[in-house]
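As provided, run_6.cif (mmCIF, C-alpha atoms) reads as follows.
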data_input
#
loop_
_atom_site.label_atom_id
_atom_site.label_comp_id
_atom_site.auth_asym_id
_atom_site.auth_seq_id
_atom_site.Cartn_x
_atom_site.Cartn_y
_atom_site.Cartn_z
CA MET M 1 71.01 98.92 100.24
CA ALA M 2 67.19 98.98 100.27
CA GLU M 3 67.22 102.56 101.56
CA ILE M 4 69.58 103.61 98.76
CA VAL M 5 67.35 101.90 96.18
CA ASP M 6 64.34 103.82 97.53
CA PHE M 7 66.37 107.04 97.46
CA VAL M 8 67.37 106.43 93.83
CA ASN M 9 63.81 105.58 92.81
CA ARG M 10 62.45 108.73 94.46
CA GLY M 11 65.17 110.80 92.81
CA ALA M 12 64.55 109.24 89.41
CA ALA M 13 60.88 110.22 89.68
CA THR M 14 61.96 113.88 89.61
CA ILE M 15 63.80 113.56 86.28
CA THR M 16 61.90 115.27 83.49
CA PRO M 17 62.83 115.63 79.81
CA ALA M 18 63.92 119.20 80.61
CA VAL M 19 66.24 117.97 83.38
CA MET M 20 67.71 115.36 81.04
CA ASP M 21 68.24 117.93 78.27
CA LYS M 22 70.11 120.21 80.67
CA LEU M 23 72.18 117.28 81.95
CA VAL M 24 73.09 116.19 78.40
CA ARG M 25 74.44 119.67 77.67
CA SER M 26 76.64 119.39 80.78
CA LEU M 27 77.90 115.86 80.11
CA PRO M 28 81.13 116.73 78.26
CA GLN M 29 82.36 118.71 81.26
CA TRP M 30 81.05 116.21 83.78
CA LYS M 31 82.73 113.32 81.96
CA LEU M 32 86.05 115.13 82.30
CA GLU M 33 85.32 115.60 85.99
CA PHE M 34 84.50 111.92 86.41
CA THR M 35 87.86 110.90 84.88
CA GLN M 36 89.57 112.75 87.73
CA ILE M 37 87.94 110.64 90.43
CA TYR M 38 90.58 108.70 92.31
CA GLU M 39 89.14 106.79 95.22
CA PRO M 40 91.06 103.65 96.21
CA LEU M 41 88.04 102.34 98.13
CA PHE M 42 85.80 102.80 95.08
CA PRO M 43 88.08 102.03 92.12
CA HIS M 44 85.23 101.42 89.64
CA LEU M 45 83.28 104.63 90.31
CA GLY M 46 84.81 106.73 87.53
CA ALA M 47 84.24 104.04 84.90
CA GLN M 48 80.71 103.42 86.17
CA LEU M 49 79.84 107.12 85.94
CA ASP M 50 81.34 107.33 82.45
CA PHE M 51 79.32 104.29 81.39
CA LEU M 52 76.08 105.85 82.65
CA ALA M 53 76.95 109.16 80.98
CA ASN M 54 77.51 107.40 77.65
CA ALA M 55 74.23 105.52 78.00
CA ILE M 56 72.37 108.78 78.63
CA GLU M 57 74.06 110.45 75.64
CA ASP M 58 73.26 107.54 73.34
CA PHE M 59 69.65 107.50 74.52
CA ALA M 60 69.22 111.28 74.19
CA GLU M 61 70.76 111.34 70.71
CA GLY M 62 68.60 108.41 69.58
CA ALA M 63 71.66 106.24 68.95
CA TYR M 64 70.38 103.56 71.34
CA LYS M 65 66.67 103.38 72.12
CA GLU M 66 66.46 100.04 73.90
CA LEU M 67 67.07 101.27 77.46
CA PRO M 68 63.95 101.61 79.63
CA TYR M 69 62.96 105.13 80.62
CA VAL M 70 63.34 104.22 84.29
CA ALA M 71 66.96 103.15 83.71
CA ILE M 72 67.73 106.47 82.03
CA ALA M 73 65.95 108.46 84.74
CA GLN M 74 67.88 106.60 87.43
CA ALA M 75 71.15 107.11 85.54
CA CYS M 76 70.42 110.84 85.26
CA PHE M 77 69.73 111.04 88.97
CA ALA M 78 72.97 109.17 89.76
CA LEU M 79 75.06 111.53 87.64
CA ILE M 80 73.44 114.62 89.13
CA TYR M 81 73.97 113.22 92.61
CA ALA M 82 77.62 112.32 91.97
CA HIS M 83 78.30 115.71 90.39
CA LYS M 84 77.15 117.56 93.50
CA LYS M 85 79.94 117.93 96.02
CA VAL M 86 77.62 117.69 99.01
CA GLY M 87 75.56 114.54 99.34
CA ILE M 88 74.65 112.28 102.20
CA ILE M 89 78.41 112.20 102.86
CA PRO M 90 80.25 115.31 101.60
CA ASP M 91 82.91 114.43 99.01
CA ALA M 92 85.58 116.17 101.09
CA VAL M 93 85.36 113.55 103.87
CA LEU M 94 88.57 111.51 103.56
CA ASN M 95 88.08 107.89 102.44
CA LEU M 96 84.28 108.10 102.75
CA GLY M 97 83.32 111.07 100.60
CA ARG M 98 82.44 108.97 97.59
CA ALA M 99 80.77 106.10 99.48
CA ASP M 100 77.30 107.54 98.93
CA ASP M 101 78.03 108.30 95.26
CA SER M 102 79.20 104.71 94.78
CA SER M 103 76.10 103.33 96.50
CA VAL M 104 73.76 105.41 94.34
CA VAL M 105 75.55 104.43 91.13
CA ARG M 106 75.64 100.75 92.08
CA ALA M 107 71.92 100.82 92.94
CA VAL M 108 71.22 102.07 89.41
CA LEU M 109 73.49 99.47 87.81
CA ILE M 110 72.11 96.59 89.89
CA GLN M 111 68.45 97.49 89.31
CA ASN M 112 69.02 97.73 85.56
CA GLU M 113 71.77 95.15 85.15
CA LYS M 114 70.02 93.19 82.40
CA SER M 115 69.35 96.29 80.26
CA PHE M 116 72.80 97.74 80.84
CA THR M 117 74.49 94.41 80.07
CA ILE M 118 72.72 94.36 76.70
CA TYR M 119 73.64 98.02 76.10
CA ALA M 120 77.29 97.31 76.97
CA ALA M 121 77.40 94.40 74.52
CA ALA M 122 75.88 96.59 71.79
CA GLN M 123 78.63 99.15 72.43
CA ASN M 124 81.40 96.52 72.52
CA ILE M 125 82.01 97.25 76.19
CA GLU M 126 82.93 94.37 78.47
CA TRP M 127 80.31 94.47 81.23
CA SER M 128 82.69 92.88 83.73
CA LYS M 129 84.88 96.00 83.49
CA ILE M 130 81.94 98.18 84.53
CA THR M 131 80.90 95.85 87.36
CA THR M 132 78.41 96.48 90.14
CA GLN M 133 81.17 96.37 92.75
CA PRO M 134 82.32 99.48 94.66
#
How does the structure come out when it is put into structure tokens?
Amino acid sequence: MAEIVDFVNRGAATITPAVMDKLVRSLPQWKLEFTQIYEPLFPHLGAQLDFLANAIEDFAEGAYKELPYVAIAQACFALIYAHKKVGIIPDAVLNLGRADDSSVVRAVLIQNEKSFTIYAAAQNIEWSKITTQP
């Protein structure tokens, strides 16, 4: 997992306000896409992506300003990574295609668990339903 954490941190360092603005404009479509994810090995991935998308939207709109910039940058990177169909493991690979997406998303959630737990509570979301599990 340490390599994935390093990968996420390097990716988050490339997120600029312009990148986030572009991502926020794409979020409605991406959120629809994320609801279509059905991966029995990674049953929480869709909900985790939706959670991160909502956190980014709330941050960008100024509705919730308590998340650290690094958490938002990492969340942006995770969504961009998951949206791409070709990653470390292409999404088309049966039973493994979303393993890398899940690892990236979980690295973001684990590194920022305290902040995201507080955000979830503020949004009346049960953190245990988001989980840091695959």
Review point. Which residues come within 12 Å of region 118-127 of chain M, counting only C-alpha atoms, excluding same-chain residues fewer than 5 positions away, as number ranges by chain?
Key: M: 44, 47-48, 50-52, 54-56, 58-59, 63-68, 71-72, 109, 112-113, 132-133
Would you write out, as a Markdown table, a table of all residues in region 46-80 of chain M that have an atom no more than 8 Å from an atom of region 6-20 of chain M, listing for each the closest atom pair and the distance in Å to one decimal, considering only C-alpha atoms and ordering rows by chain and rising residue number?
| residue | atom | partner | partner_atom | distance |
| --- | --- | --- | --- | --- |
| M:Val70 | CA | M:Ala12 | CA | 7.3 |
| M:Ala73 | CA | M:Ala12 | CA | 4.9 |
| M:Gln74 | CA | M:Ala12 | CA | 4.7 |
| M:Ala75 | CA | M:Ala12 | CA | 7.9 |
| M:Cys76 | CA | M:Met20 | CA | 6.8 |
| M:Phe77 | CA | M:Ala12 | CA | 5.5 |
| M:Ala78 | CA | M:Val8 | CA | 7.4 |
Hey, can you spit out that residue selection with C-alpha atoms as a tab-separated table (two decimals), in the frame of the given file?
chain	number	residue	atom	x	y	z
M	70	VAL	CA	63.34	104.22	84.29
M	73	ALA	CA	65.95	108.46	84.74
M	74	GLN	CA	67.88	106.60	87.43
M	75	ALA	CA	71.15	107.11	85.54
M	76	CYS	CA	70.42	110.84	85.26
M	77	PHE	CA	69.73	111.04	88.97
M	78	ALA	CA	72.97	109.17	89.76
Exercise for review: In Å, rounded to a single decimal, give me how far CA of Arg98 (chain M) is from CA of Tyr38 (chain M).
Suggested key: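 So the two atoms, CA of Tyr38 (chain M) and CA of Arg98 (chain M), lie 9.7 Å apart.
Of the residues listed (M:Pro40, M:Gly62, M:Pro28, M:Gly46), M:Gly46 shows the shortest atom-to-atom separation from Thr131 (chain M); distances use all atoms listed in the file.
For the atom pair formed by CA of Glu57 (chain M) and CA of Arg106 (chain M), the distance is 19.2 Å, given to one decimal.
Between CA of Leu49 (chain M) and CA of Lys31 (chain M) there is a distance of 7.9 Å.
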Point to revise | Distance criterion (all atoms listed in the file): nearest to Phe34 (chain M) out of M:Ile130, M:Met1, M:Ala53, M:Ala60 | key: M:Ala53
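Proximity to Lys129 (chain M) was assessed for M:Ser115, M:Pro43, M:Ile110, M:Ile4 counting only C-alpha atoms; the smallest distance is recorded for M:Pro43.
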